[in-house]
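Asker: Once you've had a glance at the structure underneath, I'll fire off some questions.
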There are 2 protein chains.
Amino acid sequence: MKTEPRTLPGFMELLPDEQILFNQIKEKIENTYQKFGFLPLDTPIIELSEVLLAKAGGETEKQIYRFTKGETDLSLRFDLTVPLSKYVAKNYGNLSFPFRRYQIGKVYRGERAQKGRYREFYQCDIDIIGDGELDIINDAELPSVIYTIFKELGFDNFTICINNRKILNGLFESLGQKENSTEILRIIDKIDKIGKKAVEEELSKLNLDKENIEKIMKFIEITGTSDDKLKQLEDLKINNETYNLGLEELKQVVKNVRLFGVPEQNFKVDLTIARGLDYYTGTVYETFLNDYREIGSVCSGGRYDNLAEYYTDKKLPGVGISIGLTRLFYKLNELKLISAKKKSISNILIVPMIENLEKPIELATDLRKIGVNTEIFLNNKK
Amino acid sequence: MKTEPRTLPGFMELLPDEQILFNQIKEKIENTYQKFGFLPLDTPIIELSEVLLAKAGGETEKQIYRFTKGETDLSLRFDLTVPLSKYVAKNYGNLSFPFRRYQIGKVYRGERAQKGRYREFYQCDIDIIGDGELDIINDAELPSVIYTIFKELGFDNFTICINNRKILNGLFESLGQKENSTEILRIIDKIDKIGKKAVEEELSKLNLDKENIEKIMKFIEITGTSDDKLKQLEDLKINNETYNLGLEELKQVVKNVRLFGVPEQNFKVDLTIARGLDYYTGTVYETFLNDYREIGSVCSGGRYDNLAEYYTDKKLPGVGISIGLTRLFYKLNELKLISAKKKSISNILIVPMIENLEKPIELATDLRKIGVNTEIFLNNKK
């Protein structure tokens with residue numbers, strides 16, 4: 001009786017040609033992270049449930065691969081941020097800050113299996129963690145990393161959208177809608193999907209009066225270049241501390257993103273991105289391949305006030321981005337955007353046509369010594 | 001209430017300096033595998049228990065991380081060979097043979113936690129799989145890969161020990177001890193640990209008569225250079241097909257290992273290595289750092305007749321080696337054999353001493369463009 005050799009649904013397993021491509025992309029991302037001076041990290045895939053789920057809840061917790069081994073309650077990591085929090089809290093005394101780390105690794109979420117949805121997938125993360133404080137200029141460096149990566153991957157027409165959550169939150173505060181801000185953000189976030197009319201309708205269900213809805217709509221309809229938008233944000237003359245702090249930060253980020261060499265056509269202030277997640281507290285990023293908007297954001301992230309509050313009293317603000325590599329690869333491959341670049345791992349294949357293998361093997365050894373990947377076809381029988 | 005940030009015992013989690021070192025070693029291994037034309041593979045860490053444990057049993061099965069998610073019985077891989085078997089059986093029609101693949105990844109074994117023993121650890125494997133048959137010259141190429149890796153890692157004084165299990169098996173056959181061969185191999189394997197006397201005693205418990213024990217001891221005491229040993233094996237004039245096939249293979253391997261450029265001082269025929277495992281059927285390898293024998297073999301492997309018999313009727317002979325990287329790193333680090341090579345991921349750290357960051361950032365961007373890893377220290381407050 002043979003067992004049928006099969007792989008679980010939702011788990012990517014590639015043929016060698018595709019794997020080579022996948023690895024090339026992974027390597028370009030890793031090389032760029034290193035080029036910007038981020039340090040490598042490799043944390044376990046299995047953690048104590050108590051540690052890993054200190055914060056989690058709701059939807060996240062349901063997706064966790066959780067089990068016991070012996071007496072121990074274990075979980076597989078579902079992202080690279082929680083392990084980073086644990087790591088920084090645990091090793092605080094041995095790290096120098098700002099702590100810049102990258103981690104590329106598999107994470108696990110038991111989502112409903114469907115095409116292009118993975119239960120095991122690679123995340124490629126960088127974060128910069130400050131000790132007590134972290135200068136806003138760090139928020140301007142990350143778009144430069146994103147820019148370098150997508151240029152390296154052969155794309156030109158992409159846009160890094162930048163926003164600051166304090167601006168929106170401050171606006172809501174000034175309208176007396178602070179309590180509703182998460183809900184309002186969630187609704188605004190859908191404007192590309194459901195349109196202006198539906199957003200207005202959903203907002204009106206929240207007990208927002210007409211005037212306030214108009215202000216919000218006016219705000220999110222601010223248009224023009226990044227500088228135009230900054231100007232219009234200023235012109236709104238919102239008398240609110242959070243708002244003005246956010247605006248000041250956004251100005252700083254835009255100014256310095258230019259300094260970091262990101263061309264005007266590859267970034268913009270986009271006041272509609274809010275990154276649903278409560279997690280972020282300042283700058284937020286999303287990145288779109290403009291010819292393939294349907295893929296959604298290919299690199300997202302932002303600023304958070306306190307990385308490791310569940311593990312330590314130390315205040316550890318940070319800013320980071322993440323690329324969901326497995327899904328990105330699936331999409332790029334499906335759209336045949338990377339197939340042309342396929343190549344073998346070997347530069348040279350030697351096929352000896354003679355009985356005496358001495359010369360072919362010597363040649364292969366010499367080629368490898370000078371750095372040429374070389375395979376010899378070693379089946380004597382033709 | 002804060003959760004104590006801690007990592008599971010038996011799970012390696014390194015500080016950045018050590019992680020850089022670890023990655024450098026991993027990269028050297030990977031680069032060498034590529035240099036020899038092996039194709040990358042990346043299989044899931046989670047598999048169906050039914051598939052993963054088709055063969056397993058006894059000690060292995062006890063150590064497995066096994067659990068259910070929904071209705072599905074899942075296990076974490078405990079090596080990279082079983083996933084390879086599954087992969088080759090599953091994708092047989094899409095692979096070209098001999099199929100040469102490398103895989104570097106984490107595997108899981110719930111061993112008793114003790115110093116230097118890991119429950120999550122990296123294996124770095126290469127295998128060459130033939131379709132129906134696989135020429136013996138492939139067995140001679142792998143020592144050349146091992147040699148290149150340990151030279152790359154900065155070692156000179158290491159020995160790749162080579163043997164062929166057919167020789168021993170054939171000897172036992174010729175002595176009418178075929179049924180006891182696994183047990184005899186297990187005992188012989190301990191000669192370095194328990195000595196000649198104890199081996200003889202253990203053998204006598206197996207109902208072996210004095211004459212046969214003498215023959216076995218005489219055999220395993222064959223000494224001299226590799227060529228001396230081959231000569232002595234021939235001189236024994238054992239009239240057994242398996243024995244003579246094994247001797248012929250070993251001769252071929254030794255001859256061709258030289259052809260592959262492995263110097264005389266870095267390999268030898270060692271008739272005492274038997275690789276306890278039943279798994280191997282021909283050539284076997286173990287590699288020792290001669291100044292640090294206490295580490296045990298740092299790279300082992302061998303030839304097997306049938307990779308995927310639990311999944312397919314196709315006959316798929318192969319030969320492979322494996323490096324247990326996590327344990328190797330732990331040992332090398334403990335012995336301070338690699339600490340001198342520690343370095344930062346960045347070639348340059350720019351610390352701006354002026355308010356205006358334009359020039360420092362421009363400099364960093366330019367340096368990165370020409371491939372220099374560059375970090376800017378971006379905390380304005382001194």
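Residues are named by chain letter and number: chains run A, B, ... in the order of the structure tokens, numbers start at 1 in each chain, and ligands are numbered from 1 in the order shown.
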Quick one: which residues from chain B are at most 7 Å off chain A, using only C-alpha atoms, as a ChimeraX atom specification?
Answerer: /B:2-8,11,13,16,19-20,34-37,39-44,47-48,51,54,65,67,69,86,89-90,134-135,137-138,259-260,310-312,345-346,358,361-362,365,368,372-375,378-380
Asker: Taking C-alpha atoms for each residue, export the selection above as a PDB file, in the first residue's frame.
Answerer:
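What ended up in again.pdb:
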```pdb
ATOM      1  CA  LYS B   2       3.342  42.009  31.946  1.00  0.00           C
ATOM      2  CA  THR B   3       4.035  38.622  30.370  1.00  0.00           C
ATOM      3  CA  GLU B   4       7.621  37.503  30.868  1.00  0.00           C
ATOM      4  CA  PRO B   5       9.288  37.572  27.446  1.00  0.00           C
ATOM      5  CA  ARG B   6      10.952  34.171  27.111  1.00  0.00           C
ATOM      6  CA  THR B   7      11.980  31.666  24.458  1.00  0.00           C
ATOM      7  CA  LEU B   8      11.363  27.916  24.656  1.00  0.00           C
ATOM      8  CA  PHE B  11      15.108  26.729  20.504  1.00  0.00           C
ATOM      9  CA  GLU B  13      17.625  32.558  19.328  1.00  0.00           C
ATOM     10  CA  PRO B  16      22.600  40.081  16.214  1.00  0.00           C
ATOM     11  CA  GLN B  19      23.134  35.812  13.968  1.00  0.00           C
ATOM     12  CA  ILE B  20      25.375  37.516  11.416  1.00  0.00           C
ATOM     13  CA  GLN B  34      24.712  26.165  -5.825  1.00  0.00           C
ATOM     14  CA  LYS B  35      28.258  26.105  -7.159  1.00  0.00           C
ATOM     15  CA  PHE B  36      27.829  22.373  -7.699  1.00  0.00           C
ATOM     16  CA  GLY B  37      24.596  22.907  -9.595  1.00  0.00           C
ATOM     17  CA  LEU B  39      18.588  23.252  -7.349  1.00  0.00           C
ATOM     18  CA  PRO B  40      16.848  24.955  -4.414  1.00  0.00           C
ATOM     19  CA  LEU B  41      13.786  23.438  -2.793  1.00  0.00           C
ATOM     20  CA  ASP B  42      11.537  24.785  -0.063  1.00  0.00           C
ATOM     21  CA  THR B  43       8.866  22.421   1.225  1.00  0.00           C
ATOM     22  CA  PRO B  44       6.282  23.199   3.937  1.00  0.00           C
ATOM     23  CA  GLU B  47       2.637  18.132   6.410  1.00  0.00           C
ATOM     24  CA  LEU B  48      -0.219  15.676   6.725  1.00  0.00           C
ATOM     25  CA  VAL B  51       2.143  11.498   4.500  1.00  0.00           C
ATOM     26  CA  ALA B  54       4.234   6.883   6.158  1.00  0.00           C
ATOM     27  CA  TYR B  65       5.333  17.635  16.931  1.00  0.00           C
ATOM     28  CA  PHE B  67      -1.447  18.002  16.394  1.00  0.00           C
ATOM     29  CA  LYS B  69      -6.149  21.731  13.222  1.00  0.00           C
ATOM     30  CA  LYS B  86       7.152  13.069  -1.122  1.00  0.00           C
ATOM     31  CA  ALA B  89       7.130  11.095  -5.984  1.00  0.00           C
ATOM     32  CA  LYS B  90       4.543  13.875  -6.392  1.00  0.00           C
ATOM     33  CA  LEU B 134      22.316   6.402 -10.515  1.00  0.00           C
ATOM     34  CA  ASP B 135      25.944   6.127 -11.530  1.00  0.00           C
ATOM     35  CA  ILE B 137      30.451   8.556  -9.824  1.00  0.00           C
ATOM     36  CA  ASN B 138      27.824  10.699  -8.086  1.00  0.00           C
ATOM     37  CA  LEU B 259      39.593  13.361  -9.665  1.00  0.00           C
ATOM     38  CA  PHE B 260      37.186  15.783  -7.992  1.00  0.00           C
ATOM     39  CA  TYR B 310       6.363   4.543   0.517  1.00  0.00           C
ATOM     40  CA  TYR B 311       4.850   6.832  -2.119  1.00  0.00           C
ATOM     41  CA  THR B 312       5.608   5.315  -5.507  1.00  0.00           C
ATOM     42  CA  ILE B 345      26.259  43.809   8.462  1.00  0.00           C
ATOM     43  CA  SER B 346      27.127  47.403   7.507  1.00  0.00           C
ATOM     44  CA  GLU B 358      21.055  66.444   3.188  1.00  0.00           C
ATOM     45  CA  ILE B 361      21.813  61.068   3.383  1.00  0.00           C
ATOM     46  CA  GLU B 362      23.023  61.734  -0.155  1.00  0.00           C
ATOM     47  CA  THR B 365      22.324  56.710  -0.966  1.00  0.00           C
ATOM     48  CA  ARG B 368      24.344  51.916  -1.344  1.00  0.00           C
ATOM     49  CA  VAL B 372      28.201  49.309   0.063  1.00  0.00           C
ATOM     50  CA  ASN B 373      25.979  48.428   3.036  1.00  0.00           C
ATOM     51  CA  THR B 374      25.496  51.745   4.797  1.00  0.00           C
ATOM     52  CA  GLU B 375      23.673  52.740   7.948  1.00  0.00           C
ATOM     53  CA  LEU B 378      19.303  58.877  12.618  1.00  0.00           C
ATOM     54  CA  ASN B 379      18.708  60.123  16.134  1.00  0.00           C
ATOM     55  CA  ASN B 380      19.008  63.904  15.998  1.00  0.00           C
TER      56      ASN B 380
END
```
Asker: Can you check which residues of stretch 51-95 of chain B DSSP gives as alpha helix (DSSP H) on the backbone and send them as a list of chain:residue names?
Answerer: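 Filtering stretch 51-95 of chain B to alpha helix (DSSP H) leaves B:Val51, B:Leu52, B:Gly58, B:Glu59, B:Thr60, B:Glu61, B:Lys62, B:Gln63, B:Thr81, B:Val82, B:Pro83, B:Leu84, B:Ser85, B:Lys86, B:Tyr87, B:Val88, B:Ala89, B:Lys90.
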Asker: Would you mind exporting C-alpha atoms of the selected residues as a PDB file, in the first residue's frame?
Answerer:
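That gives us part-v3.pdb:
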```
ATOM      1  CA  VAL B  51       2.143  11.498   4.500  1.00  0.00           C
ATOM      2  CA  LEU B  52       5.009  12.505   6.760  1.00  0.00           C
ATOM      3  CA  GLY B  58       9.519   4.016  17.150  1.00  0.00           C
ATOM      4  CA  GLU B  59      11.860   6.697  18.432  1.00  0.00           C
ATOM      5  CA  THR B  60      11.222   9.073  15.553  1.00  0.00           C
ATOM      6  CA  GLU B  61       7.462   9.051  15.949  1.00  0.00           C
ATOM      7  CA  LYS B  62       7.672   9.821  19.675  1.00  0.00           C
ATOM      8  CA  GLN B  63       9.624  13.008  18.976  1.00  0.00           C
ATOM      9  CA  THR B  81      14.520  13.609   3.455  1.00  0.00           C
ATOM     10  CA  VAL B  82      10.912  12.537   3.907  1.00  0.00           C
ATOM     11  CA  PRO B  83       9.623  15.817   2.378  1.00  0.00           C
ATOM     12  CA  LEU B  84      12.062  15.231  -0.519  1.00  0.00           C
ATOM     13  CA  SER B  85      10.680  11.710  -1.024  1.00  0.00           C
ATOM     14  CA  LYS B  86       7.152  13.069  -1.122  1.00  0.00           C
ATOM     15  CA  TYR B  87       8.176  15.893  -3.458  1.00  0.00           C
ATOM     16  CA  VAL B  88       9.956  13.664  -5.949  1.00  0.00           C
ATOM     17  CA  ALA B  89       7.130  11.095  -5.984  1.00  0.00           C
ATOM     18  CA  LYS B  90       4.543  13.875  -6.392  1.00  0.00           C
TER      19      LYS B  90
END
```
Asker: Of the candidates A:Arg293, A:Tyr285, A:Glu211, A:Leu206, which shows the shortest atom-to-atom distance to A:Glu179, using only C-alpha atoms?
Answerer: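 Ranking A:Arg293, A:Tyr285, A:Glu211, A:Leu206 by distance to A:Glu179, first place goes to A:Leu206.
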Asker: Between atom CA of A:Gly302 and atom CA of A:Arg327, what is the spacing in Å?
Answerer: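 Between atom CA of A:Arg327 and atom CA of A:Gly302 the gap works out to 20.2 Å.
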